[in-house]
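Peer 1: Input file: run04.txt. Contents: compact mmCIF, N, CA and C atoms.
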```txt
# COMPACT_ATOMS: atom_id res chain seq x y z
N MET X 59 -34.09 8.87 20.02
CA MET X 59 -34.98 7.91 19.41
C MET X 59 -34.67 7.73 17.92
N ALA X 60 -34.20 8.77 17.28
CA ALA X 60 -33.96 8.69 15.84
C ALA X 60 -32.85 7.69 15.50
N TYR X 61 -31.79 7.65 16.32
CA TYR X 61 -30.72 6.71 16.03
C TYR X 61 -31.15 5.27 16.30
N GLY X 62 -31.96 5.06 17.32
CA GLY X 62 -32.49 3.72 17.58
C GLY X 62 -33.39 3.25 16.45
N GLU X 63 -34.19 4.16 15.95
CA GLU X 63 -35.06 3.84 14.80
C GLU X 63 -34.21 3.56 13.55
N GLY X 64 -33.15 4.35 13.37
CA GLY X 64 -32.25 4.13 12.25
C GLY X 64 -31.56 2.78 12.33
N LEU X 65 -31.20 2.37 13.54
CA LEU X 65 -30.57 1.05 13.74
C LEU X 65 -31.53 -0.06 13.34
N LEU X 66 -32.78 0.04 13.75
CA LEU X 66 -33.77 -0.98 13.37
C LEU X 66 -33.98 -1.01 11.86
N LYS X 67 -34.06 0.17 11.24
CA LYS X 67 -34.22 0.21 9.79
C LYS X 67 -33.01 -0.38 9.08
N TYR X 68 -31.82 -0.10 9.60
CA TYR X 68 -30.59 -0.63 9.02
C TYR X 68 -30.60 -2.16 9.07
N ILE X 69 -30.97 -2.69 10.23
CA ILE X 69 -30.97 -4.14 10.40
C ILE X 69 -32.06 -4.81 9.57
N ILE X 70 -33.20 -4.16 9.42
CA ILE X 70 -34.32 -4.78 8.69
C ILE X 70 -34.16 -4.63 7.18
N TYR X 71 -33.81 -3.42 6.71
CA TYR X 71 -33.85 -3.16 5.27
C TYR X 71 -32.56 -3.49 4.53
N THR X 72 -31.43 -3.57 5.18
CA THR X 72 -30.18 -3.85 4.47
C THR X 72 -30.16 -5.24 3.84
N PRO X 73 -30.56 -6.31 4.54
CA PRO X 73 -30.48 -7.62 3.89
C PRO X 73 -31.54 -7.87 2.82
N ILE X 74 -32.50 -6.97 2.67
CA ILE X 74 -33.55 -7.16 1.67
C ILE X 74 -33.01 -6.95 0.26
N THR X 75 -32.08 -6.00 0.09
CA THR X 75 -31.51 -5.75 -1.23
C THR X 75 -30.45 -6.80 -1.55
N VAL X 76 -30.21 -7.01 -2.82
CA VAL X 76 -29.22 -8.01 -3.24
C VAL X 76 -27.82 -7.59 -2.82
N VAL X 77 -27.48 -6.33 -3.08
CA VAL X 77 -26.14 -5.85 -2.73
C VAL X 77 -25.97 -5.85 -1.21
N GLY X 78 -26.99 -5.47 -0.48
CA GLY X 78 -26.92 -5.48 0.98
C GLY X 78 -26.77 -6.88 1.53
N ALA X 79 -27.50 -7.84 0.98
CA ALA X 79 -27.41 -9.22 1.45
C ALA X 79 -26.02 -9.80 1.18
N ILE X 80 -25.48 -9.53 0.00
CA ILE X 80 -24.14 -10.04 -0.32
C ILE X 80 -23.09 -9.39 0.57
N SER X 81 -23.22 -8.08 0.79
CA SER X 81 -22.26 -7.37 1.65
C SER X 81 -22.32 -7.88 3.08
N MET X 82 -23.53 -8.09 3.59
CA MET X 82 -23.68 -8.57 4.96
C MET X 82 -23.25 -10.03 5.08
N TYR X 83 -23.40 -10.80 4.01
CA TYR X 83 -22.91 -12.19 4.00
C TYR X 83 -21.39 -12.22 4.15
N ILE X 84 -20.71 -11.36 3.40
CA ILE X 84 -19.25 -11.30 3.47
C ILE X 84 -18.80 -10.77 4.83
N TYR X 85 -19.43 -9.70 5.30
CA TYR X 85 -19.06 -9.11 6.59
C TYR X 85 -19.37 -10.08 7.73
N GLY X 86 -20.47 -10.79 7.63
CA GLY X 86 -20.81 -11.78 8.64
C GLY X 86 -19.87 -12.96 8.64
N GLY X 87 -19.33 -13.30 7.47
CA GLY X 87 -18.36 -14.38 7.38
C GLY X 87 -17.09 -14.08 8.14
N VAL X 88 -16.66 -12.83 8.07
CA VAL X 88 -15.47 -12.42 8.82
C VAL X 88 -15.71 -12.58 10.31
N TRP X 89 -16.84 -12.05 10.79
CA TRP X 89 -17.15 -12.14 12.22
C TRP X 89 -17.38 -13.57 12.67
N SER X 90 -18.04 -14.36 11.83
CA SER X 90 -18.29 -15.76 12.18
C SER X 90 -16.99 -16.53 12.30
N ALA X 91 -16.07 -16.31 11.36
CA ALA X 91 -14.78 -17.00 11.41
C ALA X 91 -13.98 -16.60 12.64
N LEU X 92 -13.98 -15.30 12.95
CA LEU X 92 -13.24 -14.84 14.13
C LEU X 92 -13.85 -15.36 15.42
N LEU X 93 -15.17 -15.35 15.52
CA LEU X 93 -15.82 -15.82 16.73
C LEU X 93 -15.65 -17.33 16.94
N ASN X 94 -15.57 -18.08 15.87
CA ASN X 94 -15.35 -19.52 16.00
C ASN X 94 -13.90 -19.87 16.30
N ALA X 95 -12.97 -19.02 15.87
CA ALA X 95 -11.55 -19.30 16.12
C ALA X 95 -11.06 -18.72 17.44
N LEU X 96 -11.76 -17.74 17.98
CA LEU X 96 -11.30 -17.05 19.18
C LEU X 96 -11.09 -17.94 20.40
N PRO X 97 -11.99 -18.87 20.73
CA PRO X 97 -11.74 -19.72 21.91
C PRO X 97 -10.48 -20.58 21.78
N HIS X 98 -10.14 -20.97 20.57
CA HIS X 98 -8.97 -21.82 20.36
C HIS X 98 -7.67 -21.03 20.46
N ILE X 99 -7.75 -19.72 20.20
CA ILE X 99 -6.55 -18.88 20.33
C ILE X 99 -6.10 -18.85 21.78
N PHE X 100 -7.06 -18.67 22.70
CA PHE X 100 -6.72 -18.57 24.12
C PHE X 100 -6.30 -19.92 24.71
N SER X 101 -6.71 -21.02 24.09
CA SER X 101 -6.30 -22.32 24.61
C SER X 101 -4.91 -22.72 24.10
N GLY X 102 -4.41 -22.00 23.10
CA GLY X 102 -3.07 -22.28 22.58
C GLY X 102 -3.04 -23.33 21.49
N ASP X 103 -4.18 -23.78 21.03
CA ASP X 103 -4.26 -24.79 19.99
C ASP X 103 -4.33 -24.09 18.62
N PHE X 104 -3.17 -23.71 18.10
CA PHE X 104 -3.12 -22.88 16.92
C PHE X 104 -3.46 -23.65 15.64
N VAL X 105 -3.28 -24.95 15.62
CA VAL X 105 -3.69 -25.76 14.47
C VAL X 105 -5.21 -25.74 14.37
N GLU X 106 -5.88 -25.85 15.50
CA GLU X 106 -7.34 -25.79 15.52
C GLU X 106 -7.84 -24.40 15.13
N VAL X 107 -7.10 -23.36 15.52
CA VAL X 107 -7.45 -21.99 15.13
C VAL X 107 -7.42 -21.88 13.61
N PHE X 108 -6.36 -22.38 13.01
CA PHE X 108 -6.24 -22.33 11.55
C PHE X 108 -7.37 -23.10 10.89
N MET X 109 -7.68 -24.27 11.41
CA MET X 109 -8.75 -25.09 10.82
C MET X 109 -10.11 -24.41 10.94
N GLN X 110 -10.41 -23.87 12.12
CA GLN X 110 -11.69 -23.18 12.31
C GLN X 110 -11.79 -21.96 11.40
N TYR X 111 -10.73 -21.17 11.32
CA TYR X 111 -10.76 -19.98 10.48
C TYR X 111 -10.89 -20.37 9.01
N PHE X 112 -10.17 -21.41 8.59
CA PHE X 112 -10.25 -21.85 7.19
C PHE X 112 -11.63 -22.37 6.86
N VAL X 113 -12.21 -23.17 7.75
CA VAL X 113 -13.53 -23.75 7.49
C VAL X 113 -14.59 -22.66 7.35
N TYR X 114 -14.53 -21.65 8.22
CA TYR X 114 -15.57 -20.63 8.20
C TYR X 114 -15.30 -19.49 7.22
N SER X 115 -14.09 -19.35 6.72
CA SER X 115 -13.82 -18.24 5.80
C SER X 115 -13.59 -18.68 4.36
N ALA X 116 -13.05 -19.85 4.14
CA ALA X 116 -12.69 -20.23 2.78
C ALA X 116 -13.65 -21.23 2.14
N LEU X 117 -14.29 -22.06 2.95
CA LEU X 117 -15.18 -23.06 2.38
C LEU X 117 -16.59 -22.50 2.22
N PRO X 118 -17.30 -22.92 1.18
CA PRO X 118 -18.67 -22.42 0.99
C PRO X 118 -19.62 -23.00 2.04
N PRO X 119 -20.72 -22.34 2.28
CA PRO X 119 -21.70 -22.86 3.25
C PRO X 119 -22.34 -24.14 2.74
N THR X 120 -22.77 -24.96 3.67
CA THR X 120 -23.37 -26.24 3.28
C THR X 120 -24.87 -26.28 3.47
N SER X 121 -25.45 -25.20 3.98
CA SER X 121 -26.92 -25.17 4.15
C SER X 121 -27.42 -23.74 4.06
N ILE X 122 -28.72 -23.62 3.85
CA ILE X 122 -29.36 -22.31 3.81
C ILE X 122 -29.27 -21.64 5.17
N GLY X 123 -29.32 -22.44 6.24
CA GLY X 123 -29.22 -21.90 7.59
C GLY X 123 -27.91 -21.17 7.83
N GLN X 124 -26.82 -21.71 7.30
CA GLN X 124 -25.52 -21.04 7.44
C GLN X 124 -25.50 -19.71 6.69
N ILE X 125 -26.11 -19.66 5.53
CA ILE X 125 -26.16 -18.42 4.76
C ILE X 125 -26.97 -17.37 5.51
N ILE X 126 -28.13 -17.77 6.00
CA ILE X 126 -29.00 -16.83 6.72
C ILE X 126 -28.34 -16.36 8.01
N SER X 127 -27.73 -17.28 8.75
CA SER X 127 -27.09 -16.86 10.00
C SER X 127 -25.91 -15.94 9.74
N GLN X 128 -25.17 -16.17 8.67
CA GLN X 128 -24.05 -15.31 8.34
C GLN X 128 -24.53 -13.92 7.95
N ILE X 129 -25.64 -13.83 7.21
CA ILE X 129 -26.22 -12.54 6.86
C ILE X 129 -26.72 -11.83 8.11
N LEU X 130 -27.35 -12.55 9.02
CA LEU X 130 -27.84 -11.95 10.26
C LEU X 130 -26.70 -11.44 11.14
N ILE X 131 -25.64 -12.24 11.27
CA ILE X 131 -24.48 -11.81 12.05
C ILE X 131 -23.87 -10.55 11.46
N GLY X 132 -23.71 -10.54 10.14
CA GLY X 132 -23.14 -9.36 9.48
C GLY X 132 -24.02 -8.14 9.60
N THR X 133 -25.33 -8.31 9.48
CA THR X 133 -26.25 -7.19 9.58
C THR X 133 -26.26 -6.59 10.98
N VAL X 134 -26.31 -7.43 11.99
CA VAL X 134 -26.31 -6.92 13.36
C VAL X 134 -24.98 -6.26 13.70
N ALA X 135 -23.88 -6.86 13.30
CA ALA X 135 -22.56 -6.27 13.58
C ALA X 135 -22.39 -4.93 12.86
N ALA X 136 -22.79 -4.86 11.60
CA ALA X 136 -22.67 -3.61 10.85
C ALA X 136 -23.64 -2.56 11.40
N GLY X 137 -24.82 -2.98 11.83
CA GLY X 137 -25.77 -2.04 12.41
C GLY X 137 -25.27 -1.45 13.71
N ILE X 138 -24.70 -2.27 14.55
CA ILE X 138 -24.14 -1.77 15.81
C ILE X 138 -22.95 -0.86 15.55
N LYS X 139 -22.13 -1.22 14.57
CA LYS X 139 -21.00 -0.37 14.20
C LYS X 139 -21.49 0.98 13.70
N TRP X 140 -22.54 1.00 12.90
CA TRP X 140 -23.12 2.25 12.41
C TRP X 140 -23.68 3.07 13.57
N PHE X 141 -24.39 2.41 14.48
CA PHE X 141 -24.99 3.09 15.62
C PHE X 141 -23.94 3.76 16.50
N VAL X 142 -22.87 3.04 16.78
CA VAL X 142 -21.79 3.60 17.61
C VAL X 142 -21.13 4.77 16.88
N ALA X 143 -20.88 4.63 15.58
CA ALA X 143 -20.25 5.71 14.83
C ALA X 143 -21.12 6.96 14.79
N MET X 144 -22.43 6.80 14.65
CA MET X 144 -23.33 7.94 14.63
C MET X 144 -23.41 8.62 15.98
N ASN X 145 -23.36 7.86 17.04
CA ASN X 145 -23.44 8.46 18.37
C ASN X 145 -22.13 9.11 18.81
N LEU X 146 -21.02 8.69 18.24
CA LEU X 146 -19.74 9.30 18.59
C LEU X 146 -19.53 10.61 17.84
N THR X 147 -20.22 10.80 16.73
CA THR X 147 -20.02 12.02 15.93
C THR X 147 -20.93 13.16 16.36
N ARG X 148 -21.86 12.93 17.26
CA ARG X 148 -22.75 14.03 17.66
C ARG X 148 -22.10 14.93 18.65
```
Could you show the structure in this file as structure tokens?

Peer 2:
Amino acid sequence: MAYGEGLLKYIIYTPITVVGAISMYIYGGVWSALLNALPHIFSGDFVEVFMQYFVYSALPPTSIGQIISQILIGTVAAGIKWFVAMNLTR
């Protein structure tokens, strides 16, 4: 139960701080870019892969919703990564 509680605290409290929000924004941007480019990799359309990756990694967000979703994606991905790492070390 302690690791599950730690996961919830990680996901809830990390984006509240400025440093945590910026870190999760950057980490979420990596995952968002990869998840958007992944379907195009398997279809063989490598120009579209480059465009999707460039749009999601190099260009700034155009709405508050994109910023919030990127922070949420980064927070959940980092929380799950922390949870798995803690459970593998016991």

Peer 1: Nearest to Ile129 in chain X among X:Tyr68, X:His98, X:Ala91, X:Gly86, with distances taken over all atoms listed in the file: which residue is it?

Peer 2: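 Smallest distance to Ile129 in chain X is found for X:Gly86.
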
Peer 1: For Met82 in chain X, list every protein, DNA or RNA residue within 8 Å, evaluated using only C-alpha atoms, and leave out those in the same chain fewer than 3 positions away; present the list as a ChimeraX atom specification.

Peer 2: /X:73,78-79,85-86,128-133,136

Peer 1: In Å, rounded to a single decimal, give me how far CA of Leu66 in chain X is from atom N of Ser127 in chain X.

Peer 2: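 So the answer is 18.0 Å.
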
Peer 1: To one decimal place in Å, what is the distance between atom C of Leu117 in chain X and CA of Ala135 in chain X?

Peer 2: 20.7 Å

Peer 1: Could you jot down the CA of Tyr71 in chain X to CA of Ser121 in chain X separation for me, Å, one decimal place?

Peer 2: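 If I compute the distance from CA of Tyr71 in chain X to CA of Ser121 in chain X, I get 23.1 Å.
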
Peer 1: For each of X:Gly87, X:Gly137, X:Gly123, X:Pro97, take the minimum atom-to-atom distance to Ile69 in chain X, counting only N, CA and C atoms, then give the residue where this is smallest.

Peer 2: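 Residue with the minimum atom-to-atom distance to Ile69 in chain X: X:Gly137.
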
Peer 1: Write out as a ChimeraX atom specification the set of residues from range 96-141 of chain X that DSSP, computed on the backbone, places in alpha helix (DSSP H).

Peer 2: /X:96-101,104-115,122-141
